[in-house]
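J.: What follows is work28.pdb, PDB, C-alpha atoms.
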```pdb
ATOM      1  CA  MET A   1     113.275  13.591 -27.859
ATOM      2  CA  GLU A   2     111.215  14.256 -24.754
ATOM      3  CA  ASP A   3     112.313  17.884 -24.751
ATOM      4  CA  VAL A   4     111.170  18.329 -28.353
ATOM      5  CA  ARG A   5     107.844  16.664 -27.621
ATOM      6  CA  LYS A   6     107.332  18.833 -24.523
ATOM      7  CA  ALA A   7     108.143  21.979 -26.490
ATOM      8  CA  LEU A   8     105.635  21.046 -29.204
ATOM      9  CA  LEU A   9     102.840  20.316 -26.716
ATOM     10  CA  THR A  10     103.442  23.444 -24.617
ATOM     11  CA  LYS A  11     101.434  26.495 -25.656
ATOM     12  CA  SER A  12     103.471  29.388 -26.913
ATOM     13  CA  LYS A  13     103.200  32.892 -25.501
ATOM     14  CA  ARG A  14     101.223  34.059 -28.529
ATOM     15  CA  ALA A  15      98.800  31.141 -28.201
ATOM     16  CA  LYS A  16      98.211  31.989 -24.540
ATOM     17  CA  MET A  17      97.596  35.653 -25.441
ATOM     18  CA  GLU A  18      95.144  34.596 -28.129
ATOM     19  CA  THR A  19      93.284  32.427 -25.627
ATOM     20  CA  ARG A  20      93.092  35.312 -23.161
ATOM     21  CA  GLY A  21      91.825  37.589 -25.936
ATOM     22  CA  LYS A  22      89.082  35.108 -26.836
ATOM     23  CA  ILE A  23      88.019  34.806 -23.199
ATOM     24  CA  ILE A  24      87.907  38.598 -22.741
ATOM     25  CA  SER A  25      85.933  39.013 -25.992
ATOM     26  CA  PHE A  26      83.467  36.320 -24.923
ATOM     27  CA  LEU A  27      82.985  37.953 -21.514
ATOM     28  CA  CYS A  28      82.366  41.354 -23.119
ATOM     29  CA  ILE A  29      79.810  39.891 -25.529
ATOM     30  CA  ALA A  30      78.127  37.989 -22.698
ATOM     31  CA  LEU A  31      77.932  41.195 -20.644
ATOM     32  CA  ILE A  32      76.320  43.082 -23.534
ATOM     33  CA  VAL A  33      73.780  40.285 -24.069
ATOM     34  CA  LEU A  34      73.043  40.206 -20.338
ATOM     35  CA  VAL A  35      72.488  43.963 -20.214
ATOM     36  CA  VAL A  36      70.116  43.864 -23.210
ATOM     37  CA  LEU A  37      68.148  40.940 -21.772
ATOM     38  CA  SER A  38      67.985  42.693 -18.400
ATOM     39  CA  ILE A  39      66.579  45.835 -20.008
ATOM     40  CA  PHE A  40      63.963  43.818 -21.888
ATOM     41  CA  TYR A  41      63.021  41.900 -18.728
ATOM     42  CA  PHE A  42      62.804  45.035 -16.581
ATOM     43  CA  VAL A  43      60.671  47.000 -19.038
ATOM     44  CA  ALA A  44      58.485  43.983 -19.867
ATOM     45  CA  SER A  45      57.877  43.126 -16.204
ATOM     46  CA  LYS A  46      56.830  46.693 -15.462
ATOM     47  CA  GLY A  47      54.837  47.148 -18.656
ATOM     48  CA  LEU A  48      52.931  43.866 -18.436
ATOM     49  CA  ALA A  49      51.872  44.671 -14.865
ATOM     50  CA  THR A  50      49.198  46.887 -16.407
ATOM     51  CA  PHE A  51      47.486  43.825 -17.837
ATOM     52  CA  PHE A  52      48.257  41.137 -15.235
ATOM     53  CA  THR A  53      48.215  43.144 -12.004
ATOM     54  CA  ASP A  54      45.852  46.022 -12.766
ATOM     55  CA  LYS A  55      43.656  43.822 -15.027
ATOM     56  CA  ILE A  56      43.517  46.345 -17.873
ATOM     57  CA  ASN A  57      42.288  44.827 -21.134
ATOM     58  CA  VAL A  58      44.991  44.809 -23.816
ATOM     59  CA  LEU A  59      42.578  45.862 -26.566
ATOM     60  CA  ASP A  60      41.216  48.707 -24.438
ATOM     61  CA  PHE A  61      44.777  49.893 -23.879
ATOM     62  CA  LEU A  62      45.883  49.676 -27.516
ATOM     63  CA  PHE A  63      42.709  50.962 -29.170
ATOM     64  CA  GLY A  64      41.132  53.166 -26.529
ATOM     65  CA  THR A  65      41.068  56.902 -27.216
ATOM     66  CA  GLN A  66      40.621  58.293 -23.691
ATOM     67  CA  TRP A  67      43.835  58.885 -21.720
ATOM     68  CA  ASN A  68      43.541  59.892 -18.083
ATOM     69  CA  PRO A  69      44.950  57.107 -15.889
ATOM     70  CA  SER A  70      44.071  58.896 -12.651
ATOM     71  CA  GLN A  71      40.362  58.994 -13.531
ATOM     72  CA  LEU A  72      37.851  56.147 -13.880
ATOM     73  CA  GLY A  73      35.698  55.782 -16.963
ATOM     74  CA  ALA A  74      32.036  54.815 -17.230
ATOM     75  CA  ASP A  75      32.994  51.147 -16.891
ATOM     76  CA  GLY A  76      34.777  51.800 -13.598
ATOM     77  CA  LYS A  77      38.241  51.215 -15.060
ATOM     78  CA  PRO A  78      41.044  53.761 -15.535
ATOM     79  CA  MET A  79      40.992  55.607 -18.840
ATOM     80  CA  VAL A  80      44.234  54.339 -20.357
ATOM     81  CA  GLY A  81      43.581  54.336 -24.109
ATOM     82  CA  ALA A  82      46.979  54.724 -25.757
ATOM     83  CA  LEU A  83      45.802  54.954 -29.366
ATOM     84  CA  PRO A  84      46.213  58.778 -29.596
ATOM     85  CA  MET A  85      49.898  58.530 -28.625
ATOM     86  CA  ILE A  86      50.541  55.508 -30.828
ATOM     87  CA  ALA A  87      48.899  57.208 -33.802
ATOM     88  CA  GLY A  88      50.762  60.454 -33.136
ATOM     89  CA  SER A  89      54.125  58.653 -32.995
ATOM     90  CA  PHE A  90      53.537  56.783 -36.247
ATOM     91  CA  ILE A  91      52.160  59.786 -38.124
ATOM     92  CA  VAL A  92      54.977  62.151 -37.180
ATOM     93  CA  THR A  93      57.561  59.423 -37.885
ATOM     94  CA  PHE A  94      56.278  58.583 -41.349
ATOM     95  CA  LEU A  95      55.762  62.221 -42.327
ATOM     96  CA  SER A  96      59.267  63.230 -41.243
ATOM     97  CA  ALA A  97      60.741  60.279 -43.168
ATOM     98  CA  ILE A  98      58.738  61.186 -46.281
ATOM     99  CA  VAL A  99      59.955  64.788 -46.131
ATOM    100  CA  ALA A 100      63.575  63.927 -45.289
ATOM    101  CA  THR A 101      64.137  61.176 -47.884
ATOM    102  CA  PRO A 102      64.146  63.337 -51.068
ATOM    103  CA  PHE A 103      66.461  65.905 -49.469
ATOM    104  CA  ALA A 104      68.795  63.175 -48.217
ATOM    105  CA  ILE A 105      68.950  61.444 -51.588
ATOM    106  CA  GLY A 106      69.550  64.753 -53.379
ATOM    107  CA  ALA A 107      72.356  65.727 -51.016
ATOM    108  CA  ALA A 108      73.910  62.253 -51.256
ATOM    109  CA  VAL A 109      73.811  62.272 -55.060
ATOM    110  CA  PHE A 110      75.455  65.693 -55.108
ATOM    111  CA  MET A 111      78.184  64.548 -52.706
ATOM    112  CA  THR A 112      78.973  61.304 -54.527
ATOM    113  CA  GLU A 113      78.056  61.726 -58.202
ATOM    114  CA  ILE A 114      77.845  65.397 -59.169
ATOM    115  CA  SER A 115      80.452  67.270 -57.157
ATOM    116  CA  PRO A 116      82.315  65.043 -54.693
ATOM    117  CA  LYS A 117      84.984  67.651 -53.895
ATOM    118  CA  GLN A 118      82.557  70.477 -53.177
ATOM    119  CA  GLY A 119      80.274  68.048 -51.348
ATOM    120  CA  GLN A 120      83.093  67.002 -49.035
ATOM    121  CA  LYS A 121      84.083  70.616 -48.412
ATOM    122  CA  ILE A 122      80.626  72.135 -47.922
ATOM    123  CA  LEU A 123      77.948  69.550 -47.164
ATOM    124  CA  GLN A 124      79.967  67.119 -45.068
ATOM    125  CA  PRO A 125      80.840  69.687 -42.344
ATOM    126  CA  VAL A 126      77.231  70.884 -42.304
ATOM    127  CA  ILE A 127      75.921  67.351 -41.840
ATOM    128  CA  GLU A 128      78.435  66.673 -39.078
ATOM    129  CA  LEU A 129      77.371  69.909 -37.365
ATOM    130  CA  LEU A 130      73.703  68.896 -37.497
ATOM    131  CA  VAL A 131      74.535  65.529 -35.939
ATOM    132  CA  GLY A 132      76.291  67.195 -33.001
ATOM    133  CA  ILE A 133      73.481  69.600 -32.082
ATOM    134  CA  PRO A 134      71.666  68.471 -28.883
ATOM    135  CA  SER A 135      67.968  67.605 -29.044
ATOM    136  CA  VAL A 136      67.022  70.411 -26.680
ATOM    137  CA  VAL A 137      68.508  72.956 -29.110
ATOM    138  CA  TYR A 138      66.347  71.563 -31.913
ATOM    139  CA  GLY A 139      63.381  71.838 -29.569
ATOM    140  CA  PHE A 140      64.124  75.479 -28.740
ATOM    141  CA  ILE A 141      64.531  76.323 -32.435
ATOM    142  CA  GLY A 142      61.248  74.588 -33.182
ATOM    143  CA  LEU A 143      59.545  76.421 -30.346
ATOM    144  CA  SER A 144      60.951  79.806 -31.383
ATOM    145  CA  VAL A 145      60.821  79.538 -35.180
ATOM    146  CA  ILE A 146      58.747  76.624 -36.484
ATOM    147  CA  VAL A 147      55.756  76.910 -34.139
ATOM    148  CA  PRO A 148      55.227  80.667 -34.834
ATOM    149  CA  ALA A 149      55.680  80.026 -38.588
ATOM    150  CA  VAL A 150      53.068  77.249 -38.573
ATOM    151  CA  ARG A 151      50.744  79.464 -36.518
ATOM    152  CA  SER A 152      51.037  82.379 -38.939
ATOM    153  CA  VAL A 153      50.595  80.264 -42.084
ATOM    154  CA  PHE A 154      48.067  77.616 -41.038
ATOM    155  CA  GLY A 155      46.442  79.191 -38.000
ATOM    156  CA  GLY A 156      45.779  77.575 -34.665
ATOM    157  CA  THR A 157      48.287  77.454 -31.851
ATOM    158  CA  GLY A 158      51.150  76.285 -34.052
ATOM    159  CA  PHE A 159      51.707  73.220 -31.901
ATOM    160  CA  GLY A 160      50.956  69.893 -33.496
ATOM    161  CA  ILE A 161      52.107  67.136 -35.808
ATOM    162  CA  LEU A 162      53.202  69.541 -38.550
ATOM    163  CA  ALA A 163      55.621  71.373 -36.255
ATOM    164  CA  GLY A 164      56.885  68.045 -34.934
ATOM    165  CA  THR A 165      57.387  66.793 -38.491
ATOM    166  CA  PHE A 166      59.569  69.771 -39.404
ATOM    167  CA  VAL A 167      61.705  69.371 -36.264
ATOM    168  CA  LEU A 168      62.173  65.628 -36.757
ATOM    169  CA  PHE A 169      62.872  66.148 -40.459
ATOM    170  CA  ILE A 170      65.874  68.293 -39.571
ATOM    171  CA  MET A 171      66.981  65.864 -36.871
ATOM    172  CA  ILE A 172      66.932  62.692 -38.990
ATOM    173  CA  LEU A 173      68.246  64.342 -42.178
ATOM    174  CA  PRO A 174      71.952  63.896 -41.238
ATOM    175  CA  THR A 175      71.444  60.208 -40.418
ATOM    176  CA  VAL A 176      69.604  59.415 -43.633
ATOM    177  CA  THR A 177      72.021  61.496 -45.728
ATOM    178  CA  THR A 178      75.175  59.923 -44.280
ATOM    179  CA  MET A 179      73.915  56.380 -44.731
ATOM    180  CA  THR A 180      72.674  57.155 -48.239
ATOM    181  CA  VAL A 181      76.122  58.486 -49.147
ATOM    182  CA  ASP A 182      77.649  55.223 -47.933
ATOM    183  CA  ALA A 183      75.114  53.238 -49.967
ATOM    184  CA  LEU A 184      75.905  55.180 -53.167
ATOM    185  CA  LYS A 185      79.645  54.842 -52.621
ATOM    186  CA  ALA A 186      79.214  51.082 -52.227
ATOM    187  CA  VAL A 187      77.857  50.766 -55.793
ATOM    188  CA  PRO A 188      80.707  49.287 -57.893
ATOM    189  CA  ARG A 189      82.418  51.745 -60.231
ATOM    190  CA  HIS A 190      82.091  49.408 -63.219
ATOM    191  CA  TYR A 191      78.287  49.825 -63.048
ATOM    192  CA  ARG A 192      78.729  53.495 -63.892
ATOM    193  CA  GLU A 193      81.398  52.835 -66.520
ATOM    194  CA  ALA A 194      79.275  50.189 -68.252
ATOM    195  CA  SER A 195      76.242  52.473 -68.304
ATOM    196  CA  LEU A 196      78.210  55.387 -69.774
ATOM    197  CA  ALA A 197      79.856  53.085 -72.298
ATOM    198  CA  LEU A 198      76.413  52.016 -73.550
ATOM    199  CA  GLY A 199      75.550  55.642 -74.295
ATOM    200  CA  ALA A 200      73.576  56.583 -71.180
ATOM    201  CA  THR A 201      73.784  60.175 -70.001
ATOM    202  CA  ARG A 202      75.113  61.103 -66.600
ATOM    203  CA  TRP A 203      71.633  61.568 -65.167
ATOM    204  CA  GLN A 204      70.377  58.307 -66.695
ATOM    205  CA  THR A 205      73.321  56.511 -65.097
ATOM    206  CA  ILE A 206      72.544  58.040 -61.702
ATOM    207  CA  TYR A 207      68.795  57.480 -61.899
ATOM    208  CA  LYS A 208      68.549  54.078 -63.576
ATOM    209  CA  VAL A 209      71.774  52.408 -62.445
ATOM    210  CA  VAL A 210      73.335  53.903 -59.314
ATOM    211  CA  LEU A 211      70.154  54.679 -57.365
ATOM    212  CA  ARG A 212      68.529  51.372 -58.256
ATOM    213  CA  ALA A 213      71.609  49.431 -57.208
ATOM    214  CA  ALA A 214      71.682  51.346 -53.920
ATOM    215  CA  VAL A 215      67.983  50.835 -53.083
ATOM    216  CA  PRO A 216      68.594  48.381 -50.173
ATOM    217  CA  GLY A 217      71.106  50.768 -48.593
ATOM    218  CA  ILE A 218      68.793  53.752 -49.062
ATOM    219  CA  LEU A 219      65.870  51.863 -47.514
ATOM    220  CA  THR A 220      68.085  50.941 -44.576
ATOM    221  CA  ALA A 221      68.963  54.617 -44.138
ATOM    222  CA  VAL A 222      65.290  55.604 -44.175
ATOM    223  CA  VAL A 223      64.374  52.945 -41.589
ATOM    224  CA  PHE A 224      67.255  54.090 -39.362
ATOM    225  CA  GLY A 225      65.933  57.633 -39.636
ATOM    226  CA  MET A 226      62.428  56.463 -38.741
ATOM    227  CA  ALA A 227      63.782  54.616 -35.709
ATOM    228  CA  ARG A 228      65.508  57.827 -34.599
ATOM    229  CA  ALA A 229      62.328  59.848 -35.125
ATOM    230  CA  PHE A 230      60.109  57.305 -33.348
ATOM    231  CA  GLY A 231      62.264  57.371 -30.220
ATOM    232  CA  GLU A 232      62.913  61.115 -30.051
ATOM    233  CA  ALA A 233      61.495  62.619 -26.869
ATOM    234  CA  LEU A 234      62.600  66.093 -25.796
ATOM    235  CA  ALA A 235      62.488  68.000 -29.077
ATOM    236  CA  ILE A 236      59.113  66.595 -30.124
ATOM    237  CA  GLN A 237      57.679  67.224 -26.658
ATOM    238  CA  MET A 238      58.441  70.940 -26.982
ATOM    239  CA  VAL A 239      56.535  71.456 -30.247
ATOM    240  CA  ILE A 240      53.741  68.887 -30.550
ATOM    241  CA  GLY A 241      51.443  70.246 -27.843
ATOM    242  CA  ASN A 242      51.266  67.130 -25.609
ATOM    243  CA  ALA A 243      47.485  66.742 -25.819
ATOM    244  CA  ALA A 244      46.462  63.098 -25.480
ATOM    245  CA  LEU A 245      43.802  63.399 -28.179
ATOM    246  CA  MET A 246      43.301  61.573 -31.446
ATOM    247  CA  PRO A 247      44.992  63.697 -34.130
ATOM    248  CA  ASN A 248      42.336  65.124 -36.456
ATOM    249  CA  SER A 249      44.555  67.773 -38.041
ATOM    250  CA  LEU A 250      48.234  68.431 -38.597
ATOM    251  CA  VAL A 251      48.023  71.793 -36.828
ATOM    252  CA  THR A 252      46.150  70.822 -33.675
ATOM    253  CA  PRO A 253      47.973  69.764 -30.496
ATOM    254  CA  ALA A 254      48.718  66.053 -30.332
ATOM    255  CA  SER A 255      51.091  63.748 -28.464
ATOM    256  CA  THR A 256      53.495  60.870 -28.949
ATOM    257  CA  LEU A 257      54.525  57.934 -26.798
ATOM    258  CA  THR A 258      57.765  59.650 -25.831
ATOM    259  CA  SER A 259      56.186  63.012 -25.017
ATOM    260  CA  ILE A 260      53.650  61.472 -22.621
ATOM    261  CA  LEU A 261      56.381  59.335 -21.069
ATOM    262  CA  THR A 262      58.738  62.219 -20.376
ATOM    263  CA  MET A 263      55.931  64.347 -18.965
ATOM    264  CA  GLY A 264      54.435  61.737 -16.657
ATOM    265  CA  ILE A 265      57.143  59.346 -15.503
ATOM    266  CA  GLY A 266      58.496  61.735 -12.873
ATOM    267  CA  ASN A 267      55.059  62.533 -11.455
ATOM    268  CA  THR A 268      53.872  59.004 -10.652
ATOM    269  CA  ILE A 269      54.510  56.527  -7.862
ATOM    270  CA  MET A 270      56.099  53.187  -8.679
ATOM    271  CA  GLY A 271      53.588  50.353  -8.702
ATOM    272  CA  THR A 272      50.474  52.460  -9.248
ATOM    273  CA  VAL A 273      48.269  52.232 -12.327
ATOM    274  CA  GLU A 274      49.495  55.632 -13.492
ATOM    275  CA  ASN A 275      53.095  54.406 -13.372
ATOM    276  CA  ASN A 276      52.424  50.954 -14.866
ATOM    277  CA  VAL A 277      50.672  52.318 -17.943
ATOM    278  CA  LEU A 278      53.675  54.548 -18.634
ATOM    279  CA  TRP A 279      55.891  51.475 -18.498
ATOM    280  CA  SER A 280      53.490  49.868 -20.973
ATOM    281  CA  LEU A 281      54.091  52.783 -23.331
ATOM    282  CA  ALA A 282      57.834  52.245 -22.845
ATOM    283  CA  LEU A 283      57.341  48.562 -23.723
ATOM    284  CA  ILE A 284      55.651  49.568 -26.975
ATOM    285  CA  LEU A 285      58.621  51.804 -27.789
ATOM    286  CA  LEU A 286      61.028  48.965 -27.035
ATOM    287  CA  LEU A 287      59.097  46.528 -29.225
ATOM    288  CA  MET A 288      58.998  49.057 -32.063
ATOM    289  CA  SER A 289      62.776  49.497 -31.877
ATOM    290  CA  LEU A 290      63.028  45.715 -32.195
ATOM    291  CA  VAL A 291      60.724  45.806 -35.219
ATOM    292  CA  PHE A 292      62.844  48.516 -36.862
ATOM    293  CA  ASN A 293      65.976  46.421 -36.317
ATOM    294  CA  ILE A 294      64.315  43.341 -37.809
ATOM    295  CA  VAL A 295      63.235  45.346 -40.861
ATOM    296  CA  ILE A 296      66.787  46.663 -41.289
ATOM    297  CA  ARG A 297      68.192  43.122 -41.153
ATOM    298  CA  LEU A 298      65.647  41.890 -43.699
ATOM    299  CA  ILE A 299      66.512  44.736 -46.065
ATOM    300  CA  GLY A 300      70.216  43.985 -45.613
ATOM    301  CA  LYS A 301      69.700  40.301 -46.418
ATOM    302  CA  LYS A 302      67.679  41.167 -49.502
ATOM    303  CA  GLY A 303      70.430  43.503 -50.692
ATOM    304  CA  ALA A 304      73.089  40.865 -50.026
ATOM    305  CA  LEU A 305      71.172  38.283 -52.089
ATOM    306  CA  LYS A 306      71.109  40.678 -55.032
TER
END
```
When written as structure tokens, how does the structure in this file appear?
T.:
Amino acid sequence: MEDVRKALLTKSKRAKMETRGKIISFLCIALIVLVVLSIFYFVASKGLATFFTDKINVLDFLFGTQWNPSQLGADGKPMVGALPMIAGSFIVTFLSAIVATPFAIGAAVFMTEISPKQGQKILQPVIELLVGIPSVVYGFIGLSVIVPAVRSVFGGTGFGILAGTFVLFIMILPTVTTMTVDALKAVPRHYREASLALGATRWQTIYKVVLRAAVPGILTAVVFGMARAFGEALAIQMVIGNAALMPNSLVTPASTLTSILTMGIGNTIMGTVENNVLWSLALILLLMSLVFNIVIRLIGKKGALK
């Protein structure tokens, strides 16, 4: 009897392996959480030094239009107005998303509803190829093709938000297209069958049933594309002009948060005002990535409730 009781109370080999697996999984998750929190703490501590150590006013930083941290303004404080970069980042992000969304939806509809076989054979390899191209290659193409084209059509130097929009449009198109395809495929088949059975045409079924049912997934794809565009650095730096001025035209040189960061972070000394304000720009980028993730989660919850 004691032997039976001991055998029942002793953990089996599989139970011990399961316990080890749970411990390893917990440690991995804890490590990931620790790394993320460490990144947030490091960037926040450096970025907030601009306001607590260098005594720069937050409103002057966010809404000022003069950017030259190494020079003092009329008030005796460094000129660290980040509004031109913030505006440039948002404008080029929204414009690239607006341009990319119709193309992505059209390609996704073709691949899922109109000609799935041809879409898988032709478009899928093209999309995968676009995903694998490095950012610097997109930048060189933009510098060699898009900038001269903008210059010849619209005048000016060719550098600016318009050139950056075209480059980012190509870069985020694969992301938005792939996620839109997944969203359309997730629409239940009986939605289509019911619509066709009621006498709707193929296009009416796609437009009024499939696309509307996939709206949360499509919005998620667009927000993911915007997050990619907002954080892109090298390609946009090569075509936007990198002038820290308020954008007053789509064809005049402008700048983004990432372009100013990549240009200046290697030319400053840690702990100086010039370095701290760049970390403040990095903090804005980090907070915006958090905002994009929150928006994606809200869209996902709304779609799940439907």
J.: So which residues touch Leu250 in chain A within 7 Å, counting all atoms listed in the file, skipping near sequence neighbours fewer than 5 positions away, as a CSV table (one decimal) with C-alpha atoms, in the coordinates of the input?
T.:
```csv
chain,number,residue,atom,x,y,z
A,160,GLY,CA,51.0,69.9,-33.5
A,161,ILE,CA,52.1,67.1,-35.8
A,162,LEU,CA,53.2,69.5,-38.6
```
J.: Step by step, work through what the PyMOL selection byres ((chain A and resi 89) around 12) selects in the shown file, and finish by giving those residues as number ranges by chain.
T.: A: 82-88, 90-96, 160-161, 164-165, 168, 226-233, 236-237, 240, 242, 244, 246-247, 254-260, 281, 284-285, 288
J.: Spell out the residues picked by the PyMOL selection byres ((chain A and resi 127) around 9) here, as a PyMOL selection string.
T.: chain A and resi 123-126+128-132+173-175+177-178
J.: Using Å and a single decimal, report how far CA of Ala163 in chain A sits from CA of Ile141 in chain A.
T.: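 Those two atoms sit 10.9 Å apart.
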J.: Taking the file as shown, find all residues satisfying the PyMOL selection byres ((chain A and resi 179) around 8) and write them as a list in words.
T.: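 With the shown file as input, the PyMOL selection byres ((chain A and resi 179) around 8) matches Thr175, Val176, Thr177, Thr178, Thr180, Val181, Asp182, Ala183, Gly217, Ile218, Thr220 and Ala221 of chain A.
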J.: CA of Ala282 in chain A to CA of Gly225 in chain A: how many Å, to one decimal?
T.: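 For CA of Ala282 in chain A relative to CA of Gly225 in chain A, the distance reads 19.4 Å.
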J.: Quick one: of A:Thr101, A:Ser152, A:Thr112, A:Thr205, who's nearest to Ile172 in chain A, counting all atoms listed in the file?
T.: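 Nearest candidate to Ile172 in chain A out of A:Thr101, A:Ser152, A:Thr112, A:Thr205: A:Thr101.
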